[in-house]
Amino acid sequence: MDDERDPLTGAVIGAAMEVHRILVPGLLESVYERCLCRELDLRGIPNAPQVKLPVVYKGERLGEDFKMDVVVDGRLLLELKTVDRLEPIHHAQLLTYMRLSGIRLGLLLNFKVTLLKDGIKRLIL
């Protein structure tokens, strides 16, 4: 991860590390999400939790929507997890949301690790 080329990613990772340091592993994903959004707010980083992404099939919008965990500054998508280990399906989920939303940069953040740096994956379309 080269955060020097992307200050937004570096700032978000710093905020996530602060949340992880204070809360430690073992809580629900929704708790980390709320606290991370609050930490981003405190740092002046624009963010939107639970952003709806419509399901469109053959040009028709269906009744269900996907919900992206957090969109930061309209250009970085965060997918939060609290799992023993990240699996390929987690990467696929984030990549799908990125493709459907047009957001080219994403972070997969797994808060169920001893050191958060071991639970971060950066994806670029």
# chains A, B, ... in the order shown; residues from 1 in each chain; ligands from 1
$ select_by_dssp --residues "chain A" --states "strand (DSSP E or B)" --output "PyMOL selection string"
chain A and resi 47-57+60-72+76-81+105-110+120-124
$ write_last_selection --atoms "C-alpha atoms" --output "PDB file, in the first residue's frame"
ATOM      1  CA  ASN A  47     -18.235  10.152   4.246  1.00  0.00           C
ATOM      2  CA  ALA A  48     -21.603   8.490   3.756  1.00  0.00           C
ATOM      3  CA  PRO A  49     -22.543   5.203   5.448  1.00  0.00           C
ATOM      4  CA  GLN A  50     -24.879   2.582   3.993  1.00  0.00           C
ATOM      5  CA  VAL A  51     -25.071   4.119   0.530  1.00  0.00           C
ATOM      6  CA  LYS A  52     -27.713   2.410  -1.586  1.00  0.00           C
ATOM      7  CA  LEU A  53     -26.701   0.991  -4.934  1.00  0.00           C
ATOM      8  CA  PRO A  54     -29.636  -0.094  -7.104  1.00  0.00           C
ATOM      9  CA  VAL A  55     -29.884  -3.580  -8.544  1.00  0.00           C
ATOM     10  CA  VAL A  56     -30.410  -3.216 -12.294  1.00  0.00           C
ATOM     11  CA  TYR A  57     -31.125  -6.260 -14.420  1.00  0.00           C
ATOM     12  CA  GLU A  60     -34.729  -2.549 -15.224  1.00  0.00           C
ATOM     13  CA  ARG A  61     -34.249  -1.401 -11.670  1.00  0.00           C
ATOM     14  CA  LEU A  62     -35.441  -4.098  -9.309  1.00  0.00           C
ATOM     15  CA  GLY A  63     -36.874  -3.458  -5.857  1.00  0.00           C
ATOM     16  CA  GLU A  64     -33.796  -4.457  -3.886  1.00  0.00           C
ATOM     17  CA  ASP A  65     -30.708  -2.318  -3.389  1.00  0.00           C
ATOM     18  CA  PHE A  66     -27.176  -3.229  -2.383  1.00  0.00           C
ATOM     19  CA  LYS A  67     -25.804  -1.226   0.531  1.00  0.00           C
ATOM     20  CA  MET A  68     -22.206  -0.114   0.359  1.00  0.00           C
ATOM     21  CA  ASP A  69     -20.744   0.158   3.866  1.00  0.00           C
ATOM     22  CA  VAL A  70     -19.081   3.577   3.540  1.00  0.00           C
ATOM     23  CA  VAL A  71     -18.315   5.865   0.614  1.00  0.00           C
ATOM     24  CA  VAL A  72     -15.585   8.390   1.405  1.00  0.00           C
ATOM     25  CA  LEU A  76     -13.227   5.662  -2.046  1.00  0.00           C
ATOM     26  CA  LEU A  77     -15.400   2.665  -1.147  1.00  0.00           C
ATOM     27  CA  LEU A  78     -14.942   0.947   2.223  1.00  0.00           C
ATOM     28  CA  GLU A  79     -16.145  -2.581   2.885  1.00  0.00           C
ATOM     29  CA  LEU A  80     -15.881  -3.462   6.574  1.00  0.00           C
ATOM     30  CA  LYS A  81     -15.627  -6.989   7.907  1.00  0.00           C
ATOM     31  CA  LEU A 105     -10.644   2.701  -5.385  1.00  0.00           C
ATOM     32  CA  GLY A 106     -11.656   0.483  -2.480  1.00  0.00           C
ATOM     33  CA  LEU A 107     -10.455  -0.671   0.909  1.00  0.00           C
ATOM     34  CA  LEU A 108     -11.415  -3.944   2.509  1.00  0.00           C
ATOM     35  CA  LEU A 109     -11.019  -3.493   6.282  1.00  0.00           C
ATOM     36  CA  ASN A 110     -11.189  -6.506   8.596  1.00  0.00           C
ATOM     37  CA  ILE A 120      -6.354  -4.134   5.128  1.00  0.00           C
ATOM     38  CA  LYS A 121      -6.562  -4.847   1.411  1.00  0.00           C
ATOM     39  CA  ARG A 122      -6.528  -2.073  -1.181  1.00  0.00           C
ATOM     40  CA  LEU A 123      -8.268  -2.689  -4.492  1.00  0.00           C
ATOM     41  CA  ILE A 124      -8.104  -0.575  -7.645  1.00  0.00           C
TER      42      ILE A 124
END
$ residues_around --residues "segment 20-24 of chain A" --least-positions-apart "5" --cutoff "9 Å" --atoms "only C-alpha atoms" --output "list in words"
Ala15, Tyr32, Cys35, Leu36, Phe111, Lys112, Val113, Thr114, Leu115 and Leu116 of chain A
$ atom_distance --atom1 "atom CA of Leu40 of chain A" --atom2 "atom CA of His91 of chain A"
23.2 Å
$ closest_residue --among "A:Ile45, A:Cys37, A:Leu95, A:Leu125" --to "Gly10 of chain A" --atoms "only C-alpha atoms"
A:Ile45
$ atom_distance --atom1 "atom CA of Gly74 of chain A" --atom2 "atom CA of Thr9 of chain A"
12.5 Å
$ residues_around --residues "Glu39 of chain A" --least-positions-apart "6" --cutoff "10 Å" --atoms "only C-alpha atoms" --output "PDB file with all heavy atoms, in the first residue's frame"
ATOM      1  N   VAL A  12      -7.793   7.687   5.695  1.00  0.00           N
ATOM      2  CA  VAL A  12      -8.836   6.738   6.096  1.00  0.00           C
ATOM      3  C   VAL A  12      -8.226   5.582   6.875  1.00  0.00           C
ATOM      4  O   VAL A  12      -8.778   5.149   7.899  1.00  0.00           O
ATOM      5  CB  VAL A  12      -9.628   6.236   4.866  1.00  0.00           C
ATOM      6  CG1 VAL A  12     -10.523   5.068   5.230  1.00  0.00           C
ATOM      7  CG2 VAL A  12     -10.437   7.378   4.270  1.00  0.00           C
ATOM      8  N   GLY A  14      -5.541   5.703   8.653  1.00  0.00           N
ATOM      9  CA  GLY A  14      -5.207   6.257   9.970  1.00  0.00           C
ATOM     10  C   GLY A  14      -6.420   6.322  10.881  1.00  0.00           C
ATOM     11  O   GLY A  14      -6.349   5.982  12.069  1.00  0.00           O
ATOM     12  N   ALA A  15      -7.554   6.735  10.335  1.00  0.00           N
ATOM     13  CA  ALA A  15      -8.793   6.792  11.118  1.00  0.00           C
ATOM     14  C   ALA A  15      -9.229   5.391  11.535  1.00  0.00           C
ATOM     15  O   ALA A  15      -9.646   5.172  12.681  1.00  0.00           O
ATOM     16  CB  ALA A  15      -9.895   7.476  10.309  1.00  0.00           C
ATOM     17  N   ALA A  16      -9.136   4.431  10.623  1.00  0.00           N
ATOM     18  CA  ALA A  16      -9.510   3.045  10.942  1.00  0.00           C
ATOM     19  C   ALA A  16      -8.601   2.467  12.024  1.00  0.00           C
ATOM     20  O   ALA A  16      -9.071   1.754  12.921  1.00  0.00           O
ATOM     21  CB  ALA A  16      -9.454   2.185   9.679  1.00  0.00           C
ATOM     22  N   GLU A  18      -7.150   4.149  14.386  1.00  0.00           N
ATOM     23  CA  GLU A  18      -7.548   4.773  15.644  1.00  0.00           C
ATOM     24  C   GLU A  18      -8.780   4.076  16.223  1.00  0.00           C
ATOM     25  O   GLU A  18      -8.839   3.782  17.417  1.00  0.00           O
ATOM     26  CB  GLU A  18      -7.825   6.268  15.418  1.00  0.00           C
ATOM     27  CG  GLU A  18      -8.344   6.997  16.635  1.00  0.00           C
ATOM     28  CD  GLU A  18      -7.308   7.215  17.728  1.00  0.00           C
ATOM     29  OE1 GLU A  18      -6.138   6.766  17.583  1.00  0.00           O
ATOM     30  OE2 GLU A  18      -7.663   7.825  18.753  1.00  0.00           O
ATOM     31  N   VAL A  19      -9.763   3.794  15.381  1.00  0.00           N
ATOM     32  CA  VAL A  19     -10.963   3.083  15.831  1.00  0.00           C
ATOM     33  C   VAL A  19     -10.590   1.699  16.362  1.00  0.00           C
ATOM     34  O   VAL A  19     -11.032   1.289  17.436  1.00  0.00           O
ATOM     35  CB  VAL A  19     -11.996   2.968  14.686  1.00  0.00           C
ATOM     36  CG1 VAL A  19     -13.126   2.011  15.053  1.00  0.00           C
ATOM     37  CG2 VAL A  19     -12.544   4.342  14.324  1.00  0.00           C
ATOM     38  N   GLU A  33     -18.360   0.410  11.936  1.00  0.00           N
ATOM     39  CA  GLU A  33     -18.801   1.335  10.887  1.00  0.00           C
ATOM     40  C   GLU A  33     -19.211   2.683  11.483  1.00  0.00           C
ATOM     41  O   GLU A  33     -18.790   3.732  11.002  1.00  0.00           O
ATOM     42  CB  GLU A  33     -19.956   0.728  10.108  1.00  0.00           C
ATOM     43  CG  GLU A  33     -20.454   1.614   8.986  1.00  0.00           C
ATOM     44  CD  GLU A  33     -21.633   1.011   8.265  1.00  0.00           C
ATOM     45  OE1 GLU A  33     -21.502  -0.136   7.778  1.00  0.00           O
ATOM     46  OE2 GLU A  33     -22.671   1.680   8.178  1.00  0.00           O
ATOM     47  N   ILE A  45     -13.224  14.445   7.098  1.00  0.00           N
ATOM     48  CA  ILE A  45     -13.212  13.656   5.866  1.00  0.00           C
ATOM     49  C   ILE A  45     -14.656  13.306   5.508  1.00  0.00           C
ATOM     50  O   ILE A  45     -15.327  12.596   6.259  1.00  0.00           O
ATOM     51  CB  ILE A  45     -12.367  12.372   6.053  1.00  0.00           C
ATOM     52  CG1 ILE A  45     -10.922  12.746   6.416  1.00  0.00           C
ATOM     53  CG2 ILE A  45     -12.412  11.521   4.793  1.00  0.00           C
ATOM     54  CD1 ILE A  45     -10.066  11.571   6.849  1.00  0.00           C
TER      55      ILE A  45
END
$ select_by_dssp --residues "chain A" --states "helix (DSSP H, G or I)" --output "count of residues only"
49
$ atom_distance --atom1 "atom CA of Lys58 of chain A" --atom2 "atom CA of Gly102 of chain A"
18.0 Å
$ decode --residues "segment 26-47 of chain A" --atoms "N, CA, C and O atoms" --output "short mmCIF file (atom, residue, chain, number, x, y, z; two decimals), in the first residue's frame"
data_model
loop_
_atom_site.label_atom_id
_atom_site.label_comp_id
_atom_site.auth_asym_id
_atom_site.auth_seq_id
_atom_site.Cartn_x
_atom_site.Cartn_y
_atom_site.Cartn_z
N GLY A 26 -13.50 -7.78 18.22
CA GLY A 26 -14.52 -8.51 18.95
C GLY A 26 -15.91 -7.92 18.92
O GLY A 26 -16.83 -8.49 19.50
N LEU A 27 -16.09 -6.81 18.24
CA LEU A 27 -17.41 -6.18 18.19
C LEU A 27 -18.07 -6.44 16.84
O LEU A 27 -17.46 -7.01 15.94
N LEU A 28 -19.30 -6.02 16.71
CA LEU A 28 -20.03 -6.17 15.45
C LEU A 28 -19.53 -5.19 14.41
O LEU A 28 -19.09 -4.08 14.73
N GLU A 29 -19.66 -5.58 13.16
CA GLU A 29 -19.26 -4.72 12.04
C GLU A 29 -19.95 -3.37 12.11
O GLU A 29 -19.34 -2.33 11.85
N SER A 30 -21.22 -3.35 12.48
CA SER A 30 -21.98 -2.11 12.52
C SER A 30 -21.41 -1.12 13.53
O SER A 30 -21.46 0.10 13.32
N VAL A 31 -20.82 -1.61 14.61
CA VAL A 31 -20.21 -0.74 15.62
C VAL A 31 -18.96 -0.08 15.04
O VAL A 31 -18.76 1.14 15.16
N TYR A 32 -18.13 -0.88 14.38
CA TYR A 32 -16.93 -0.32 13.76
C TYR A 32 -17.31 0.71 12.69
O TYR A 32 -16.67 1.74 12.55
N GLU A 33 -18.36 0.41 11.94
CA GLU A 33 -18.80 1.33 10.89
C GLU A 33 -19.21 2.68 11.48
O GLU A 33 -18.79 3.73 11.00
N ARG A 34 -20.04 2.65 12.50
CA ARG A 34 -20.49 3.91 13.12
C ARG A 34 -19.32 4.68 13.70
O ARG A 34 -19.24 5.91 13.55
N CYS A 35 -18.43 3.98 14.37
CA CYS A 35 -17.29 4.66 14.99
C CYS A 35 -16.31 5.18 13.94
O CYS A 35 -15.76 6.28 14.09
N LEU A 36 -16.11 4.43 12.86
CA LEU A 36 -15.22 4.89 11.80
C LEU A 36 -15.80 6.14 11.13
O LEU A 36 -15.07 7.11 10.88
N CYS A 37 -17.09 6.14 10.87
CA CYS A 37 -17.71 7.33 10.27
C CYS A 37 -17.58 8.53 11.20
O CYS A 37 -17.30 9.65 10.75
N ARG A 38 -17.74 8.31 12.49
CA ARG A 38 -17.57 9.41 13.45
C ARG A 38 -16.13 9.90 13.45
O ARG A 38 -15.87 11.11 13.47
N GLU A 39 -15.16 8.98 13.40
CA GLU A 39 -13.75 9.37 13.37
C GLU A 39 -13.44 10.14 12.09
O GLU A 39 -12.70 11.14 12.12
N LEU A 40 -14.00 9.71 10.97
CA LEU A 40 -13.81 10.45 9.71
C LEU A 40 -14.40 11.85 9.82
O LEU A 40 -13.78 12.82 9.37
N ASP A 41 -15.58 11.96 10.45
CA ASP A 41 -16.20 13.27 10.67
C ASP A 41 -15.28 14.17 11.50
O ASP A 41 -15.08 15.34 11.17
N LEU A 42 -14.74 13.61 12.57
CA LEU A 42 -13.85 14.38 13.45
C LEU A 42 -12.62 14.88 12.70
O LEU A 42 -12.06 15.93 13.04
N ARG A 43 -12.20 14.13 11.69
CA ARG A 43 -11.02 14.51 10.90
C ARG A 43 -11.39 15.33 9.68
O ARG A 43 -10.53 15.65 8.86
N GLY A 44 -12.66 15.66 9.53
CA GLY A 44 -13.09 16.49 8.41
C GLY A 44 -13.08 15.77 7.08
O GLY A 44 -12.96 16.41 6.02
N ILE A 45 -13.22 14.44 7.10
CA ILE A 45 -13.21 13.66 5.87
C ILE A 45 -14.66 13.31 5.51
O ILE A 45 -15.33 12.60 6.26
N PRO A 46 -15.15 13.81 4.37
CA PRO A 46 -16.55 13.55 3.99
C PRO A 46 -16.80 12.05 3.81
O PRO A 46 -15.99 11.34 3.19
N ASN A 47 -17.92 11.57 4.35
CA ASN A 47 -18.23 10.15 4.25
C ASN A 47 -19.74 9.95 4.30
O ASN A 47 -20.46 10.78 4.84
#
